[in-house]
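Peer 1: If you scroll down you'll find the structure; I have some questions about it.
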Amino acid sequence: MVDIEKDIRSKMFEFLYKLVLAHPEGVISSSEINNFFFDGEQIKLIVQTGIRKPVFLGAALTIRTTYTSPNSRPPYEDSMDKSGLIRYKYRGTDPLHADNRALRTAMKSELPLAYFIGIAKGMYQPYFPVYIVGEDVSKLEFMIAIGETQTLSDTANTINIQRKYELHMSKIRLHQSFFRSRVLFAYKNQCTVCKLKLPELLDAAHIIPDSMPDGDPIVPNGLAMCKIHHAAYDRNILGITPDLVIEISKKVLSEIDGPMLKHGIQEMQGKKIHPPTSRASRPDPQRLERKYETFLESA
Ligand SMILES: [Zn+2]
């Protein structure tokens, strides 16, 4: 007998895995995610209420966290506990609400789900598999582990797509890729210095490093940059004033070398960076100023 709960999950992960491969930037529209078919029927994977349980299933299939403004920390960050588990709020306050019961069923049966985190309006980054590994009734929350194996039973291991995806997944990657996605999305996938548009060569640079206070993984502390300009910015070869003007260190300006140095670095002197059009996503002038001071000091 085919277990429909496992069958649909295995097909859903396969579908999502293909979508992720087709979108190297990792951000996918809800309409594409919702274009999933099971037994010839379209099954929307993202719904307004957050918790998705098709009527023919006993356990929840997907969960969603909505997009937050560029100035706030990514939603899971505020809700990640010390052990690295994500705290996911109940639907409403009734533990016996149908959606909460559907999550509990997934937990008891150790069935994996897909988790969609909003990056921008209507745009999501999928995480799968995720497991509901506990419940905190007093806080009206479930605990969610992303791509973890230690809590899995053999039944879950039959979903082999998970193994492939686990290679890509860790909590560190979750932090980094989430920041990268939000920043690259805000900068329309181009280097803010040279406008290079190859996602494979783009990074989300921190203005204030994440090891320092104020080094938050939020869009106003980020700049989308190609690998060369990212490295040049981190090493103070390239500076950016709070007015968004690019400065090149004097040492490097006077050097004579090939076309990369000439066109890629030296000719950027005095030009302005290309900030996001959305005001909330623009680089924070105070953070830019602090970083610019370190550029001046090292000159
Ligand atoms: Zn660049």
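Residue numbering restarts at 1 in every chain; chains get A, B, ... in the order shown in the structure tokens, and ligands count up from 1 in that same order.
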Show me, as number ranges by chain, the residues that have an atom within 9 Å of Ala114 of chain A when counting only C-alpha atoms, minus same-chain residues fewer than 4 positions from it.
Peer 2: A: 9, 12-13, 16, 45, 61-64, 126-131
Peer 1: Name the residues in contact with Lys251 of chain A at a cut-off of 12 Å, using only C-alpha atoms, excluding same-chain residues fewer than 2 positions from it; report them as a PyMOL selection string.
Peer 2: chain A and resi 236-238+247-249+253-256+266+298-299
Peer 1: Would you export the selected residues with N, CA, C and O atoms as a CSV table (one decimal), in the first residue's frame, please?
Peer 2:
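Resulting contents of result_38.csv:
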```csv
chain,number,residue,atom,x,y,z
A,236,ASN,N,39.7,47.4,2.6
A,236,ASN,CA,39.9,48.8,2.5
A,236,ASN,C,40.7,49.3,1.3
A,236,ASN,O,41.4,50.3,1.4
A,237,ILE,N,40.7,48.5,0.2
A,237,ILE,CA,41.2,49.0,-1.0
A,237,ILE,C,40.2,49.9,-1.7
A,237,ILE,O,40.6,50.9,-2.4
A,238,LEU,N,39.0,49.6,-1.4
A,238,LEU,CA,37.8,50.4,-1.9
A,238,LEU,C,37.0,50.9,-0.7
A,238,LEU,O,36.7,50.1,0.2
A,247,GLU,N,35.7,55.5,-3.2
A,247,GLU,CA,37.1,56.0,-3.2
A,247,GLU,C,38.0,54.8,-3.2
A,247,GLU,O,37.7,53.8,-2.6
A,248,ILE,N,39.1,55.0,-4.0
A,248,ILE,CA,40.1,53.9,-4.1
A,248,ILE,C,41.3,54.4,-3.3
A,248,ILE,O,41.7,55.5,-3.3
A,249,SER,N,41.9,53.4,-2.6
A,249,SER,CA,43.0,53.8,-1.8
A,249,SER,C,44.2,54.3,-2.6
A,249,SER,O,44.4,53.9,-3.8
A,253,LEU,N,45.7,53.4,-6.4
A,253,LEU,CA,45.4,54.3,-7.5
A,253,LEU,C,46.7,54.5,-8.3
A,253,LEU,O,46.6,54.7,-9.5
A,254,SER,N,47.8,54.6,-7.7
A,254,SER,CA,49.1,54.9,-8.4
A,254,SER,C,49.7,53.7,-9.1
A,254,SER,O,50.7,53.9,-9.8
A,255,GLU,N,49.2,52.5,-8.8
A,255,GLU,CA,49.9,51.3,-9.3
A,255,GLU,C,49.5,51.2,-10.8
A,255,GLU,O,48.5,51.6,-11.3
A,256,ILE,N,50.4,50.5,-11.5
A,256,ILE,CA,50.1,50.3,-12.9
A,256,ILE,C,50.1,48.8,-13.1
A,256,ILE,O,51.0,48.0,-12.8
A,266,GLN,N,40.5,51.1,-10.4
A,266,GLN,CA,40.9,52.5,-10.5
A,266,GLN,C,39.9,53.4,-11.1
A,266,GLN,O,39.6,54.5,-10.6
A,298,SER,N,43.3,53.2,7.3
A,298,SER,CA,44.2,52.3,6.7
A,298,SER,C,44.9,52.8,5.5
A,298,SER,O,45.8,52.2,4.9
A,299,ALA,N,44.5,54.1,5.0
A,299,ALA,CA,45.1,54.6,3.8
A,299,ALA,C,46.5,55.1,4.1
A,299,ALA,O,46.8,55.5,5.2
```
Peer 1: For the interface of chain A with ligand 1 (cut-off 9 Å, counting only C-alpha atoms and all ligand atoms), please tabulate each contacting residue of chain A alongside its nearest pair of atoms and their separation in Å to one decimal, rows sorted by chain and increasing number, as a tab-separated table.
Peer 2:
```
residue	atom	partner	partner_atom_place_in_ligand_line	distance
A:Gln190	CA	ligand 1	1 (Zn)	8.0
A:Cys191	CA	ligand 1	1 (Zn)	4.7
A:Thr192	CA	ligand 1	1 (Zn)	6.7
A:Val193	CA	ligand 1	1 (Zn)	5.0
A:Cys194	CA	ligand 1	1 (Zn)	4.1
A:Lys195	CA	ligand 1	1 (Zn)	6.1
A:Leu196	CA	ligand 1	1 (Zn)	5.6
A:Lys197	CA	ligand 1	1 (Zn)	8.9
A:Leu201	CA	ligand 1	1 (Zn)	8.9
A:Leu202	CA	ligand 1	1 (Zn)	8.1
A:Ala224	CA	ligand 1	1 (Zn)	8.6
A:Met225	CA	ligand 1	1 (Zn)	5.4
A:Cys226	CA	ligand 1	1 (Zn)	4.2
A:Lys227	CA	ligand 1	1 (Zn)	7.0
A:Ile228	CA	ligand 1	1 (Zn)	6.2
A:His229	CA	ligand 1	1 (Zn)	4.9
A:His230	CA	ligand 1	1 (Zn)	7.5
A:Gly264	CA	ligand 1	1 (Zn)	7.4
A:Ile265	CA	ligand 1	1 (Zn)	8.8
```
Peer 1: Near Thr68 of chain A, counting only C-alpha atoms, which residues have an atom at most 12 Å away, once you skip same-chain residues fewer than 2 positions from it, shown as a PyMOL selection string?
Peer 2: chain A and resi 65-66+70-78+117-124+182+218-219+280-281
Peer 1: Run DSSP on the backbone of this structure and report the residues of segment 169-299 of chain A it assigns to strand (DSSP E), as number ranges by chain.
Peer 2: A: 202-206, 222-226, 238-240, 246-248
Peer 1: Can you work out the spacing between atom CA of Phe15 of chain A and atom CA of Asn34 of chain A in Å, to one decimal?
Peer 2: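 Straight-line distance from atom CA of Phe15 of chain A to atom CA of Asn34 of chain A works out to 10.5 Å.
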Peer 1: Considering only alpha helix (DSSP H) as DSSP defines it on the backbone, what residues of segment 63-279 of chain A qualify? List them as a PyMOL selection string.
Peer 2: chain A and resi 75-78+98-108+154-157+161-166+171-186+227-234+250-253+259
Peer 1: Restricting the calculation to only C-alpha atoms: of A:Leu184, A:Gly222, A:Asp39, A:Thr49, which residue gets closest to Asp210 of chain A?
Peer 2: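 Answer, going by the shortest atom-to-atom distance: A:Gly222.
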Peer 1: Could you tell me how far atom CA of Met107 of chain A sits from atom CA of Leu140 of chain A, in Å to one decimal place?
Peer 2: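 Computed distance, atom CA of Leu140 of chain A to atom CA of Met107 of chain A, equals 15.0 Å.
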Peer 1: Kindly indicate which residue among A:Val137, A:Ile8, A:Ala106, A:Ala22 lies nearest to Phe36 of chain A, using only C-alpha atoms for the distances.
Peer 2: A:Ile8
Peer 1: Atom CA of Gly270 of chain A and atom CA of Ile246 of chain A, how far apart in Å?
Peer 2: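 Straight-line distance from atom CA of Ile246 of chain A to atom CA of Gly270 of chain A works out to 5.3 Å.
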Peer 1: Nearest to Gln176 of chain A: which of A:Asp257, A:Gly26, A:Ile273, A:Leu57 is it, counting only C-alpha atoms?
Peer 2: A:Gly26
Peer 1: Between A:Pro242, A:Arg290, A:Leu111, A:Glu5, which one has atoms that come closest to Met212 of chain A, using only C-alpha atoms?
Peer 2: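 Residue with the minimum atom-to-atom distance to Met212 of chain A: A:Arg290.
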